[in-house]
Amino acid sequence: MNNNFSEKAGETAVEAGKRFFEGEYDATDFIKKKLKKGDYEYLAVFAQTAVAPVIDYRLVEDSEKSFRILMELFDRCNITEDAKEKLIYSVYKASEKSMLKRWTDSADEYFARKIFANPGFAYTLLKKDTTGLAYPLILQVGKSRGEEIIVKALLTFNVANRAKARRLIYGSRVAISLISAYEEMNVRQRGEFVRLMLLDKRNPESVQFIKDVYYGESSKRIVNAIRKEIITPYAHLQPQEYREDEKSLYSPFFCGRNYKIRIKNFKVKKAVSQDLEVNTQIKKRAALVKAELKACINDLFDRMVSCSRWPAEMFLERLNEDKLFYYMCDKLFFAMYNGEYFEDIVIVSDGKILTADGKRVNIENKQIMLAHPLMFSGRYAYLTMQNDLNQPFAQIDRPVFVPSDTDRTFNYVNRFSGSVITVGQLKKRTRGTGFHLKRDTSTGDFGWLAMLWQGVYCVAKLSEFDENDNDGFVRAERIQFYEFKDVAKKMDNGKWESAKVMPISNINPALFSEFMLILSGVFGA
């Protein structure tokens, strides 16, 4: 480094980035100034110029490389971890058009590695977090370890979005195991723990615990919380009536698998009145609707893939309180369980849970799960005839994949082995899927396609290729799976490929099917 880097008057982030990466400068003061001002978008564009000659929001294939370049630059400039983490966390708050949004996968991996290596970092993150975005990040390190961190944070620290945390972890074995320690907790911890256990009405241990606390607890606040929860009559709940003008705002989005496109292009017609204030209110309402839709659809889809369940009473309560959730569920199919035993496919109609042919069912002590299409066996073949049903995402006509006996025996998948596509097609087809390119640590060339989802790392081996040659060819080879906790141990020394392969029989079948569905779109098989 021979001189300090500084901006020139009127210079854009693209121009500054090109000038910086073409020369040799000390960027310490420049970087610290930008971080202090919170100008994270500028730094994202600045870093991207190192890997792409033209800034284009549609380009995503170099996102991991530009992220890594900026992190290396931070290390050379001795930027503190706290300042670095503020920038990375801003990725989750950025708008869809922001250059920062392209770093979502890299940010997920960064935080998952830090949390795995140091649980204390997770507690620090939760104490700082005001949005609730940190909870799903923590669960990425693995279900059991993530739940343990969140339960401890709920009971020990004054974290934000406690209700969201409870909804994510209720019913976990980690929470159940703490029942024996209830008497040793202080009043605040006991109150929080009771609220957590109240969500788990399907578990006999939780129910018995709540009964014991109700008759033996000295705190009136805790007793009143239990009384308010357990005497609520769920059976007669009916969905509230909604104004037609409100319902019409949502109706354009029930349009099958292209809902994301409809949300992106959604525009509210101008009011009949020419009043500027009226039109402004309508636009604000439209923006809120779009945000609500995306959050609700993503929540339902994640629940379908993770096979998580609601107690039936809680499910009906949410139908009554959340109108958007009610509209969505009216288009989907659910599975009803009695304990660990599957009973039937059910639907939602007028706020009630019915069998698919319209018969009332007894919901007492039952659980409801958004059914993955793997459950639609020949017995439910009539579901596939519902072609006129516009679902918020493909469910009844969703392609499914199951591992073969060979896959289970050798713990890798050869389903797409030998498929050949161009590098340009690979970049285009992986865009927005969650899969990103990784380099082979032995050669430094791109040779892997990887995705982290629900604590499982799916890795597709590719033939090595030149990332800049869009007309070159790349061949698919085997697909393997790893638990992220095993991969994280190896990442620090750059030898993550040597991590222990996860047995395919241990993978959630719905998650396996979704990984394969994405890769089938990539390799055209």
# chains A, B, ... in the order shown; residues from 1 in each chain; ligands from 1
>>> closest_atom_pairs(of="range 361-469 of chain A", to="range 301-315 of chain A", cutoff="6 Å", atoms="only C-alpha atoms", output="CSV")
residue,atom,partner,partner_atom,distance
A:Lys366,CA,A:Ala312,CA,5.6
A:Gln367,CA,A:Pro311,CA,4.4
A:Ile368,CA,A:Trp310,CA,5.2
A:Met369,CA,A:Arg309,CA,4.5
A:Leu370,CA,A:Met304,CA,5.1
A:His372,CA,A:Met304,CA,5.6
>>> residues_around(residues="range 87-93 of chain A", least_positions_apart="5", cutoff="10 Å", atoms="only C-alpha atoms", output="list in words")
Leu35, Gly38, Asp39, Tyr40, Glu41, Leu43, Ala44, Phe67, Met71, Asp82, Ser98, Met99, Leu100, Lys101, Arg102, Trp103, Thr104, Asp105, Ser106, Ala107, Asp108, Tyr110, Phe111, Leu125, Asp129, Thr131, Leu133 and Ala134 of chain A
>>> closest_residue(among="A:Val413, A:Ile150, A:Ile297, A:Val187", to="Leu168 in chain A", atoms="only C-alpha atoms")
A:Ile150
>>> select_by_dssp(residues="range 273-487 of chain A", states="alpha helix (DSSP H)", output="MDAnalysis selection string")
chainID A and resid 276:306 312:321 323:329 405:410 423:430 484:487
>>> residues_around(residues="Ala47 in chain A", least_positions_apart="3", cutoff="7 Å", atoms="only C-alpha atoms", output="list of chain:residue names")
A:Gly17, A:Leu43, A:Ala44, A:Ala50, A:Ser66, A:Ile69, A:Leu70
>>> write_last_selection(atoms="N, CA, C and O atoms", output="mmCIF file, in the first residue's frame")
data_model
loop_
_atom_site.group_PDB
_atom_site.id
_atom_site.type_symbol
_atom_site.label_atom_id
_atom_site.label_comp_id
_atom_site.auth_asym_id
_atom_site.auth_seq_id
_atom_site.Cartn_x
_atom_site.Cartn_y
_atom_site.Cartn_z
ATOM 1 N N GLY A 17 -15.009 2.086 -6.831
ATOM 2 C CA GLY A 17 -14.595 0.689 -6.713
ATOM 3 C C GLY A 17 -13.620 0.287 -7.801
ATOM 4 O O GLY A 17 -12.608 -0.373 -7.544
ATOM 5 N N LEU A 43 -20.884 0.368 0.163
ATOM 6 C CA LEU A 43 -19.812 -0.621 0.276
ATOM 7 C C LEU A 43 -20.127 -1.888 -0.505
ATOM 8 O O LEU A 43 -19.232 -2.530 -1.060
ATOM 9 N N ALA A 44 -21.419 -2.273 -0.557
ATOM 10 C CA ALA A 44 -21.807 -3.461 -1.325
ATOM 11 C C ALA A 44 -21.533 -3.259 -2.813
ATOM 12 O O ALA A 44 -20.991 -4.134 -3.492
ATOM 13 N N ALA A 50 -15.203 -5.391 -7.926
ATOM 14 C CA ALA A 50 -14.001 -6.216 -7.993
ATOM 15 C C ALA A 50 -14.231 -7.487 -8.806
ATOM 16 O O ALA A 50 -13.277 -8.101 -9.293
ATOM 17 N N SER A 66 -17.759 -11.467 -4.068
ATOM 18 C CA SER A 66 -17.680 -10.062 -3.664
ATOM 19 C C SER A 66 -17.779 -9.930 -2.148
ATOM 20 O O SER A 66 -17.119 -9.085 -1.540
ATOM 21 N N ILE A 69 -14.404 -10.840 -0.752
ATOM 22 C CA ILE A 69 -13.417 -9.791 -1.013
ATOM 23 C C ILE A 69 -13.567 -8.656 0.003
ATOM 24 O O ILE A 69 -12.578 -8.146 0.540
ATOM 25 N N LEU A 70 -14.819 -8.275 0.296
ATOM 26 C CA LEU A 70 -15.035 -7.192 1.255
ATOM 27 C C LEU A 70 -14.587 -7.619 2.656
ATOM 28 O O LEU A 70 -13.992 -6.827 3.394
#
>>> residues_around(residues="range 204-210 of chain A", least_positions_apart="4", cutoff="9 Å", atoms="only C-alpha atoms", output="NGL selection string")
:A and (171 or 176 or 179 or 194 or 197-200 or 214-215 or 226)
>>> atom_distance(atom1="CA of Phe193 in chain A", atom2="CA of Pro119 in chain A")
20.7 Å
>>> residues_around(residues="Val45 in chain A", least_positions_apart="3", cutoff="7 Å", atoms="only C-alpha atoms", output="list in words")
Ala13, Val14, Glu41, Tyr42, Gln48, Thr49 and Met99 of chain A
>>> closest_residue(among="A:Val346, A:Ser63, A:Ile353, A:Lys500", to="Tyr482 in chain A", atoms="only C-alpha atoms")
A:Lys500
